[in-house]
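Trainee: Following this line is work.csv, made up of CSV, C-alpha atoms:
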```
chain,number,residue,atom,x,y,z
A,2,MET,CA,0.0,0.0,0.0
A,3,ASN,CA,2.9,2.3,0.7
A,4,ILE,CA,0.9,4.9,2.7
A,5,LYS,CA,2.8,8.1,3.7
A,6,PRO,CA,2.0,8.4,7.5
A,7,GLY,CA,0.8,11.8,8.8
A,8,ILE,CA,-2.3,13.6,10.0
A,9,ALA,CA,-4.1,13.1,6.7
A,10,ALA,CA,-3.4,9.4,6.7
A,11,ILE,CA,-4.6,9.0,10.3
A,12,ASP,CA,-7.8,10.9,9.5
A,13,GLU,CA,-8.5,8.7,6.5
A,14,ALA,CA,-7.7,5.4,8.3
A,15,THR,CA,-9.8,6.5,11.3
A,16,GLU,CA,-12.8,7.0,9.0
A,17,LYS,CA,-12.3,3.8,7.1
A,18,LEU,CA,-11.3,1.4,9.9
A,19,SER,CA,-13.3,2.6,12.9
A,20,ASN,CA,-14.9,-0.1,15.0
A,21,TRP,CA,-17.0,2.3,17.1
A,22,ASN,CA,-20.4,0.8,17.9
A,23,ARG,CA,-19.5,-2.4,16.0
A,24,TRP,CA,-20.0,-4.3,19.2
A,25,GLY,CA,-22.4,-1.8,20.8
A,26,LYS,CA,-22.2,1.7,22.2
A,27,ASP,CA,-21.0,0.4,25.6
A,28,ASP,CA,-18.2,-1.8,24.3
A,29,GLU,CA,-14.8,-1.5,26.0
A,30,ILE,CA,-12.7,-4.4,24.7
A,31,GLY,CA,-12.7,-3.8,20.9
A,32,THR,CA,-11.2,-6.5,18.7
A,33,LEU,CA,-11.1,-9.0,21.6
A,34,ASN,CA,-14.8,-9.5,20.8
A,35,LEU,CA,-13.6,-11.4,17.7
A,36,VAL,CA,-12.5,-14.3,19.8
A,37,ALA,CA,-15.5,-16.7,20.0
A,38,PRO,CA,-15.8,-19.7,22.4
A,39,GLU,CA,-15.3,-22.1,19.5
A,40,ASP,CA,-12.0,-20.4,18.7
A,41,ILE,CA,-10.7,-21.1,22.1
A,42,ILE,CA,-11.8,-24.7,21.9
A,43,ALA,CA,-10.0,-25.1,18.6
A,44,ALA,CA,-6.9,-23.3,20.0
A,45,ALA,CA,-6.8,-25.8,22.9
A,46,LYS,CA,-6.5,-28.6,20.4
A,47,LEU,CA,-3.2,-27.1,19.1
A,48,VAL,CA,-1.5,-28.3,22.3
A,49,ARG,CA,0.3,-31.5,21.1
A,50,LYS,CA,3.8,-31.5,22.8
A,51,GLY,CA,2.9,-30.0,26.1
A,52,LYS,CA,5.8,-27.5,25.7
A,53,VAL,CA,5.3,-24.1,27.2
A,54,PHE,CA,7.1,-20.9,26.2
A,55,ALA,CA,7.1,-17.9,28.6
A,56,MET,CA,7.4,-14.7,26.7
A,57,GLY,CA,7.6,-12.1,29.6
A,58,LEU,CA,10.6,-10.1,30.7
A,59,PRO,CA,11.8,-10.5,34.3
A,60,LEU,CA,10.5,-7.7,36.5
A,61,ASP,CA,13.8,-6.5,38.0
A,62,LYS,CA,16.3,-3.7,38.1
A,63,ASN,CA,18.0,-5.1,35.0
A,64,GLY,CA,15.1,-4.4,32.7
A,65,PRO,CA,15.0,-2.3,29.5
A,66,GLN,CA,14.2,1.1,30.9
A,67,ARG,CA,17.2,3.4,30.3
A,68,GLY,CA,15.5,6.8,30.0
A,69,ALA,CA,15.0,6.6,26.2
A,70,PHE,CA,11.3,7.0,26.3
A,71,ASP,CA,10.4,10.6,25.3
A,72,GLY,CA,7.5,11.1,27.6
A,73,PRO,CA,6.5,10.6,31.3
A,74,PRO,CA,9.4,8.8,33.0
A,75,ARG,CA,9.4,5.0,33.1
A,76,TRP,CA,11.8,3.1,35.3
A,77,ASN,CA,12.6,-0.6,35.9
A,78,PRO,CA,10.8,-2.4,38.6
A,79,ILE,CA,12.0,-1.5,42.1
A,80,HIS,CA,11.8,-4.6,44.4
A,81,THR,CA,11.7,-3.7,48.1
A,82,MET,CA,11.9,-6.3,50.9
A,83,LEU,CA,9.4,-5.6,53.8
A,84,ALA,CA,10.4,-8.5,55.9
A,85,THR,CA,13.4,-10.8,55.5
A,86,GLY,CA,15.1,-13.9,56.8
A,87,THR,CA,17.8,-11.8,58.5
A,88,ASP,CA,15.0,-9.9,60.3
A,89,GLY,CA,13.7,-13.2,61.5
A,90,LEU,CA,17.1,-14.5,62.7
A,91,ALA,CA,17.5,-11.2,64.6
A,92,GLY,CA,14.3,-12.0,66.5
A,93,ARG,CA,12.2,-9.1,65.2
A,94,TYR,CA,9.1,-11.2,64.8
A,95,ASP,CA,9.4,-13.6,67.7
A,96,GLU,CA,7.1,-11.6,70.0
A,97,LYS,CA,4.8,-10.2,67.3
A,98,PRO,CA,3.4,-11.7,65.1
A,99,LYS,CA,5.2,-14.8,66.4
A,100,ILE,CA,6.1,-16.2,63.0
A,101,ARG,CA,9.3,-15.7,61.0
A,102,TYR,CA,8.5,-14.8,57.4
A,103,ALA,CA,9.5,-12.8,54.3
A,104,ASP,CA,7.4,-10.2,52.6
A,105,ASP,CA,8.1,-7.7,49.8
A,106,ALA,CA,6.7,-5.0,47.5
A,107,ILE,CA,7.3,-3.8,43.9
A,108,SER,CA,7.0,-0.4,42.4
A,109,MET,CA,6.9,-0.1,38.6
A,110,PRO,CA,5.3,1.7,35.7
A,111,ILE,CA,2.7,-0.6,34.1
A,112,GLN,CA,4.4,-0.5,30.7
A,113,CYS,CA,8.0,-0.8,31.7
A,114,ALA,CA,8.4,-4.5,30.6
A,115,THR,CA,6.3,-7.0,28.7
A,116,HIS,CA,2.7,-5.7,28.8
A,117,TRP,CA,-0.7,-5.1,27.2
A,118,ASP,CA,-1.9,-1.7,26.2
A,119,ALA,CA,-5.4,-0.9,27.3
A,120,LEU,CA,-7.8,0.8,24.9
A,121,GLY,CA,-7.7,3.9,27.2
A,122,HIS,CA,-4.0,4.3,26.7
A,123,VAL,CA,-4.1,6.4,23.5
A,124,PHE,CA,-6.5,9.1,22.3
A,125,TYR,CA,-7.0,10.8,18.9
A,126,GLY,CA,-8.0,14.4,19.5
A,127,ASP,CA,-10.3,14.5,22.4
A,128,THR,CA,-11.7,10.9,22.2
A,129,MET,CA,-10.7,7.3,22.8
A,130,TYR,CA,-12.0,4.0,21.6
A,131,ASN,CA,-15.8,3.8,20.9
A,132,GLY,CA,-16.2,7.6,21.2
A,133,TYR,CA,-15.6,8.0,24.9
A,134,SER,CA,-14.2,11.3,25.9
A,135,ALA,CA,-10.5,11.5,26.9
A,136,ALA,CA,-11.8,13.4,30.0
A,137,LEU,CA,-12.8,10.0,31.3
A,138,VAL,CA,-9.1,9.3,32.0
A,139,ASP,CA,-8.2,11.4,35.0
A,140,ALA,CA,-6.0,11.3,38.2
A,141,LEU,CA,-8.1,8.5,39.6
A,142,GLY,CA,-7.6,6.2,36.5
A,143,VAL,CA,-9.1,5.1,33.3
A,144,HIS,CA,-12.9,5.2,33.8
A,145,LYS,CA,-13.7,3.7,30.3
A,146,ASN,CA,-11.6,1.2,28.3
A,147,GLY,CA,-9.5,0.2,31.3
A,148,ILE,CA,-7.4,-3.0,31.2
A,149,GLU,CA,-9.7,-4.7,33.8
A,150,HIS,CA,-12.3,-5.3,31.2
A,151,THR,CA,-10.0,-7.8,29.4
A,152,ARG,CA,-9.4,-10.0,32.4
A,153,ASP,CA,-10.9,-13.1,30.8
A,154,LYS,CA,-10.3,-12.2,27.1
A,155,MET,CA,-6.6,-12.8,26.4
A,156,VAL,CA,-6.8,-16.4,25.3
A,157,GLY,CA,-7.0,-18.1,21.9
A,158,ARG,CA,-5.0,-19.1,18.8
A,159,GLY,CA,-1.6,-17.6,18.7
A,160,VAL,CA,0.4,-17.3,15.4
A,161,LEU,CA,4.1,-16.3,15.1
A,162,LEU,CA,5.2,-14.4,12.0
A,163,ASP,CA,9.0,-14.6,12.1
A,164,VAL,CA,9.7,-11.8,9.7
A,165,ALA,CA,13.5,-11.7,10.5
A,166,ARG,CA,14.0,-15.4,9.9
A,167,CYS,CA,12.0,-15.3,6.7
A,168,LYS,CA,14.3,-12.6,5.4
A,169,GLY,CA,17.3,-14.6,6.4
A,170,VAL,CA,18.6,-12.2,9.0
A,171,ASP,CA,19.2,-12.4,12.8
A,172,ASP,CA,17.3,-9.1,13.2
A,173,LEU,CA,15.8,-6.3,11.2
A,174,ASP,CA,17.5,-2.9,11.2
A,175,ASP,CA,16.2,0.0,13.3
A,176,GLY,CA,13.8,2.0,11.1
A,177,TYR,CA,12.8,-1.0,9.0
A,178,ALA,CA,9.1,-0.7,8.2
A,179,ILE,CA,7.5,-4.2,8.0
A,180,THR,CA,5.0,-4.0,5.2
A,181,ASN,CA,1.7,-5.9,4.7
A,182,ALA,CA,3.5,-7.8,2.0
A,183,ASP,CA,6.2,-8.8,4.4
A,184,LEU,CA,3.7,-10.2,6.8
A,185,ASP,CA,1.8,-12.1,4.1
A,186,SER,CA,5.1,-13.4,2.7
A,187,ALA,CA,6.1,-14.7,6.2
A,188,ALA,CA,2.8,-16.4,6.7
A,189,LYS,CA,3.1,-18.1,3.2
A,190,ALA,CA,6.6,-19.2,3.8
A,191,GLN,CA,5.7,-20.7,7.2
A,192,GLY,CA,2.6,-22.4,5.9
A,193,VAL,CA,0.3,-20.7,8.4
A,194,GLU,CA,-3.0,-18.8,7.8
A,195,ILE,CA,-4.0,-15.7,9.7
A,196,ARG,CA,-7.6,-16.1,10.9
A,197,ARG,CA,-10.3,-14.0,12.6
A,198,GLY,CA,-9.6,-13.6,16.3
A,199,ASP,CA,-6.0,-14.6,16.1
A,200,PHE,CA,-3.3,-13.2,18.5
A,201,VAL,CA,-0.5,-12.4,16.0
A,202,MET,CA,3.1,-12.2,17.2
A,203,VAL,CA,5.7,-10.5,14.9
A,204,ARG,CA,9.4,-11.2,15.5
A,205,THR,CA,11.9,-8.6,14.4
A,206,GLY,CA,14.9,-10.0,16.4
A,207,HIS,CA,15.4,-6.6,18.1
A,208,MET,CA,15.3,-7.9,21.6
A,209,GLU,CA,17.8,-10.6,20.9
A,210,ARG,CA,20.1,-8.1,19.3
A,211,VAL,CA,20.3,-5.8,22.3
A,212,ARG,CA,20.7,-8.8,24.6
A,213,LYS,CA,23.6,-10.1,22.6
A,214,ALA,CA,25.2,-6.7,22.8
A,215,GLY,CA,24.8,-6.8,26.5
A,216,ASP,CA,23.2,-3.3,26.6
A,217,TRP,CA,19.6,-2.4,26.4
A,218,GLY,CA,20.6,1.1,25.0
A,219,THR,CA,17.5,2.9,23.6
A,220,TYR,CA,15.5,-0.3,23.2
A,221,ALA,CA,12.6,1.0,25.4
A,222,GLY,CA,12.0,4.2,23.6
A,223,GLY,CA,14.3,4.7,20.6
A,224,ASP,CA,14.6,3.7,17.0
A,225,ALA,CA,13.4,0.2,16.2
A,226,PRO,CA,12.1,-2.0,13.4
A,227,GLY,CA,8.3,-2.4,13.4
A,228,VAL,CA,5.1,-2.5,11.4
A,229,ALA,CA,4.5,0.2,8.8
A,230,PHE,CA,1.6,2.5,9.1
A,231,GLU,CA,-0.3,0.5,6.4
A,232,ASN,CA,-0.4,-2.4,8.9
A,233,CYS,CA,-3.6,-0.9,10.4
A,234,TYR,CA,-5.4,-1.9,7.2
A,235,TRP,CA,-3.9,-5.4,7.4
A,236,CYS,CA,-5.1,-5.9,11.0
A,237,HIS,CA,-8.6,-4.7,10.1
A,238,GLU,CA,-8.8,-6.9,7.0
A,239,LYS,CA,-7.6,-10.0,8.9
A,240,ASP,CA,-9.9,-9.2,11.9
A,241,ILE,CA,-7.2,-10.2,14.3
A,242,ALA,CA,-7.8,-9.9,18.1
A,243,ALA,CA,-4.4,-8.5,18.9
A,244,ILE,CA,-0.9,-7.9,17.6
A,245,CYS,CA,2.3,-8.3,19.6
A,246,THR,CA,6.0,-7.8,18.9
A,247,ASP,CA,9.4,-8.1,20.5
A,248,THR,CA,9.9,-4.3,20.3
A,249,TRP,CA,8.8,-1.5,22.6
A,250,GLY,CA,6.1,0.0,20.4
A,251,VAL,CA,5.1,-2.4,17.7
A,252,GLU,CA,5.2,0.2,15.0
A,253,VAL,CA,8.4,1.3,13.2
A,254,ARG,CA,10.6,4.0,14.7
A,255,PRO,CA,11.3,6.7,13.3
A,256,ASN,CA,7.6,6.8,12.3
A,257,GLY,CA,8.2,8.4,8.9
A,258,THR,CA,6.5,11.8,9.6
A,259,PRO,CA,7.4,15.0,11.5
A,260,GLU,CA,3.7,15.8,11.9
A,261,THR,CA,2.9,13.5,14.9
A,262,ALA,CA,4.3,10.7,17.0
A,263,GLN,CA,3.2,7.1,16.7
A,264,PRO,CA,0.7,7.5,13.9
A,265,TRP,CA,-0.2,3.8,13.8
A,266,HIS,CA,-1.0,3.9,17.5
A,267,GLN,CA,-3.4,6.7,16.9
A,268,VAL,CA,-5.5,4.6,14.5
A,269,VAL,CA,-5.4,1.0,16.0
A,270,ILE,CA,-6.2,1.9,19.6
A,271,PRO,CA,-8.7,4.8,19.5
A,272,ALA,CA,-10.4,4.0,16.2
A,273,MET,CA,-10.1,0.2,15.8
A,274,GLY,CA,-9.9,-0.8,19.5
A,275,LEU,CA,-7.1,-3.2,18.6
A,276,THR,CA,-5.3,-4.8,21.5
A,277,MET,CA,-1.5,-4.7,21.3
A,278,GLY,CA,1.3,-6.4,23.3
A,279,GLU,CA,4.8,-5.0,23.5
A,280,MET,CA,8.3,-6.3,24.5
A,281,PHE,CA,7.4,-9.9,24.0
A,282,ASP,CA,10.4,-12.3,24.3
A,283,LEU,CA,9.9,-14.4,21.2
A,284,SER,CA,13.3,-16.0,21.0
A,285,GLU,CA,12.7,-19.5,22.4
A,286,LEU,CA,9.3,-19.8,20.7
A,287,ALA,CA,10.7,-18.7,17.4
A,288,ALA,CA,13.5,-21.3,17.6
A,289,ASP,CA,11.1,-24.1,18.4
A,290,CYS,CA,8.7,-23.0,15.5
A,291,ALA,CA,11.7,-23.0,13.1
A,292,GLU,CA,12.6,-26.5,14.3
A,293,ASP,CA,9.2,-28.2,14.0
A,294,CYS,CA,7.7,-25.9,11.3
A,295,VAL,CA,4.6,-25.3,13.5
A,296,TYR,CA,3.8,-21.6,13.9
A,297,GLU,CA,0.4,-21.8,15.6
A,298,PHE,CA,-0.2,-22.5,19.3
A,299,PHE,CA,-2.5,-22.1,22.2
A,300,PHE,CA,-2.0,-18.6,23.6
A,301,CYS,CA,-2.9,-17.3,27.1
A,302,ALA,CA,-1.9,-14.0,28.6
A,303,PRO,CA,-4.4,-12.6,31.2
A,304,PRO,CA,-3.7,-9.1,32.5
A,305,LEU,CA,-3.5,-8.2,36.1
A,306,ILE,CA,-6.9,-6.9,37.1
A,307,ILE,CA,-5.7,-3.3,37.6
A,308,THR,CA,-8.9,-1.3,37.9
A,309,GLY,CA,-8.7,1.8,35.7
A,310,GLY,CA,-5.2,0.8,34.3
A,311,THR,CA,-3.8,1.9,31.0
A,312,GLY,CA,-2.4,-1.5,30.6
A,313,SER,CA,-0.9,-4.4,32.5
A,314,PRO,CA,2.4,-6.2,32.9
A,315,ILE,CA,2.1,-9.9,31.8
A,316,ASN,CA,4.0,-13.1,31.3
A,317,PRO,CA,2.4,-14.4,28.2
A,318,GLN,CA,2.4,-18.1,27.4
A,319,ALA,CA,2.6,-20.0,24.1
A,320,ILE,CA,1.8,-23.7,24.5
A,321,LYS,CA,2.5,-26.2,21.7
```
Transcribe the structure of this file into structure tokens.
Mentor:
Amino acid sequence: MNIKPGIAAIDEATEKLSNWNRWGKDDEIGTLNLVAPEDIIAAAKLVRKGKVFAMGLPLDKNGPQRGAFDGPPRWNPIHTMLATGTDGLAGRYDEKPKIRYADDAISMPIQCATHWDALGHVFYGDTMYNGYSAALVDALGVHKNGIEHTRDKMVGRGVLLDVARCKGVDDLDDGYAITNADLDSAAKAQGVEIRRGDFVMVRTGHMERVRKAGDWGTYAGGDAPGVAFENCYWCHEKDIAAICTDTWGVEVRPNGTPETAQPWHQVVIPAMGLTMGEMFDLSELAADCAEDCVYEFFFCAPPLIITGGTGSPINPQAIK
């Protein structure tokens, strides 16, 4: 399609691809409505080896946040011990509460590691998905389109499109825009069909590249390979439930326009209500798919039930 991203392209795509009222005026889960009970039953039958692949990043101080995100500050999880074994050995709990134990807490931005974006995360103008006012997101949280509404929806057929491997490279270059033709070519080469209600994972190799270098660098906010703006049309045509990648923002960076930031985001979330997952660790899954030539699997990645959250940290699972 080779669409030049920008305000005009966003406006056109918003008009053509909007899912507002498609599932009713009160809908808050968007494309997750596309997953039917029979799809989940069929996805469960894809489990043949009993092999599980965890695709979440560890929640610790060694995470990808290095101050590269050009927006509100995000930091790596801060893990704080509230009660320890050394406290117990010192007798601190012997009189009260009369049990030696360990306890802890964690402080973290919701989107600092592997996560889902909620539909209340991005606005276009003064509205968010399904026509709700952006004013419904305030200091007390996301009052419409919060992540809690998806608590029982993140399950179904998962499909991996290993674009990097299909192109014969370890990883795609920063700034490489993955076209719709690239995605279709990968699906054809892998012998897998994209169906309504699928959870599509796109591998660029970006996460593996920075890990090999031993330095996250600007991974969590800088230039990266990712889907081209035209991908919003592909996602709408395929009627997928969600798209996930091994990058920090799914779409390509730089975005190809000085007019606005994240043009693809401004269509798929507020207009289409498309769920997206970011910073997925696809390395082990991709290696196994390349070995057995099976690129479909049972997928399960429930969010934490964060009332009014703009997203949720997750540890997504692919089961083959």
Trainee: For Ala221 in chain A, please output as a compact mmCIF listing (two decimals) with C-alpha atoms, keeping the file's coordinate frame all residues within 7 Å (counting all atoms listed in the file; exclusion window: fewer than 3 positions along the same chain).
Mentor:
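Here's the written file result39.txt:
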```
# COMPACT_ATOMS: atom_id res chain seq x y z
CA PRO A 65 15.00 -2.30 29.50
CA GLN A 66 14.20 1.10 30.90
CA ALA A 69 15.00 6.60 26.20
CA PHE A 70 11.30 7.00 26.30
CA TRP A 249 8.80 -1.50 22.60
```
Trainee: Between A:Ala225, A:Val295, A:Ala136, A:Met155, which is the closest to Arg210 in chain A once you count only C-alpha atoms?
Mentor: A:Ala225
Trainee: What is the CA of Ala91 in chain A-CA of Ile79 in chain A distance in Å, reported with one decimal?
Mentor: 25.1 Å
Trainee: Find, counting all atoms listed in the file, the residue in A:Thr248, A:Thr205, A:Ser313, A:Thr276 that gets nearest to Gly223 in chain A.
Mentor: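 Counting all atoms listed in the file, the residue closest to Gly223 in chain A is A:Thr248.
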Trainee: Sort by chain and increasing residue number a table of all residues of range 201-261 of chain A within 8 Å of range 25-49 of chain A, each with its closest pair of atoms and their distance in Å to one decimal, counting all atoms listed in the file, and write it as a tab-separated table.
Mentor:
```
residue	atom	partner	partner_atom	distance
A:Asp240	CA	A:Leu35	CA	7.2
A:Ile241	CA	A:Thr32	CA	7.0
A:Ala242	CA	A:Thr32	CA	4.8
A:Ala243	CA	A:Thr32	CA	7.1
```
Trainee: Give the answer as one residue: which of A:Ile148, A:Met273, A:Val160, A:Ala291 has the shortest atom-to-atom distance to Ile111 in chain A, using only C-alpha atoms?
Mentor: A:Ile148
Trainee: Could you tell me how far CA of Ile8 in chain A lies from CA of Gly198 in chain A, in Å and to one decimal?
Mentor: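 Going from CA of Ile8 in chain A over to CA of Gly198 in chain A, I get 28.9 Å.
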Trainee: Write out as a VMD selection string the residues lying within 6 Å of Pro110 in chain A, counting all atoms listed in the file and excluding same-chain residues fewer than 2 positions away.
Mentor: chain A and resid 75 112 to 113
Trainee: Quick check, in Å to one decimal: how far apart do CA of Glu292 in chain A and CA of Thr246 in chain A lie?
Mentor: 20.4 Å
Trainee: Skipping near chain neighbours, those fewer than 3 positions away, what residues fall within 12 Å of Asp175 in chain A using all atoms listed in the file, listed as a list in words?
Mentor: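 That gives Asp172, Ala178, Ile179, Thr205, Gly206, His207, Met208, Arg210, Val211, Thr219, Tyr220, Gly222, Gly223, Asp224, Ala225, Pro226, Gly227, Val228, Thr248, Trp249, Glu252, Val253, Arg254, Pro255 and Asn256 of chain A.
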Trainee: Pick from A:Lys189, A:His122, A:His144, A:Arg166: nearest to Ile270 in chain A, with all atoms listed in the file counted?
Mentor: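 Among A:Lys189, A:His122, A:His144, A:Arg166, it is A:His122 that comes nearest to Ile270 in chain A.
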Trainee: Residues near Pro78 in chain A, anyone? I mean within 9 Å using all atoms listed in the file, not counting same-chain ones fewer than 2 positions away, as a list in words.
Mentor: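 Once the adjacent positions are removed, what remains is Leu60, Asp61, Lys62, Asn63, Gly64, Trp76, His80, Ile107, Ser108, Met109, Pro110, Cys113 and Ala114 of chain A.
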Trainee: Write to file, as a CSV table (one decimal), in the coordinates of the input, the residues of the selection just made, with C-alpha atoms.
Mentor:
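Output saved as out_15.csv:
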```csv
chain,number,residue,atom,x,y,z
A,60,LEU,CA,10.5,-7.7,36.5
A,61,ASP,CA,13.8,-6.5,38.0
A,62,LYS,CA,16.3,-3.7,38.1
A,63,ASN,CA,18.0,-5.1,35.0
A,64,GLY,CA,15.1,-4.4,32.7
A,76,TRP,CA,11.8,3.1,35.3
A,80,HIS,CA,11.8,-4.6,44.4
A,107,ILE,CA,7.3,-3.8,43.9
A,108,SER,CA,7.0,-0.4,42.4
A,109,MET,CA,6.9,-0.1,38.6
A,110,PRO,CA,5.3,1.7,35.7
A,113,CYS,CA,8.0,-0.8,31.7
A,114,ALA,CA,8.4,-4.5,30.6
```
Trainee: Given the choices A:Phe299, A:Tyr234, A:Tyr130, A:Tyr177, which gets closest to Met2 in chain A if the distance is worked out from all atoms listed in the file?
Mentor: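 Nearest candidate to Met2 in chain A out of A:Phe299, A:Tyr234, A:Tyr130, A:Tyr177: A:Tyr234.
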Trainee: Within 12 Å of Ala103 in chain A, counting all atoms listed in the file, which residues qualify if same-chain residues fewer than 3 places away don't, as a PyMOL selection string?
Mentor: chain A and resi 81-90+93-94+100+106
Trainee: Determine the nearest neighbour of Ala182 in chain A from the options A:Asn3, A:Met202, A:Gly121, A:Leu283, counting all atoms listed in the file.
Mentor: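 Going through A:Asn3, A:Met202, A:Gly121, A:Leu283 one by one, the smallest distance to Ala182 in chain A is for A:Asn3.
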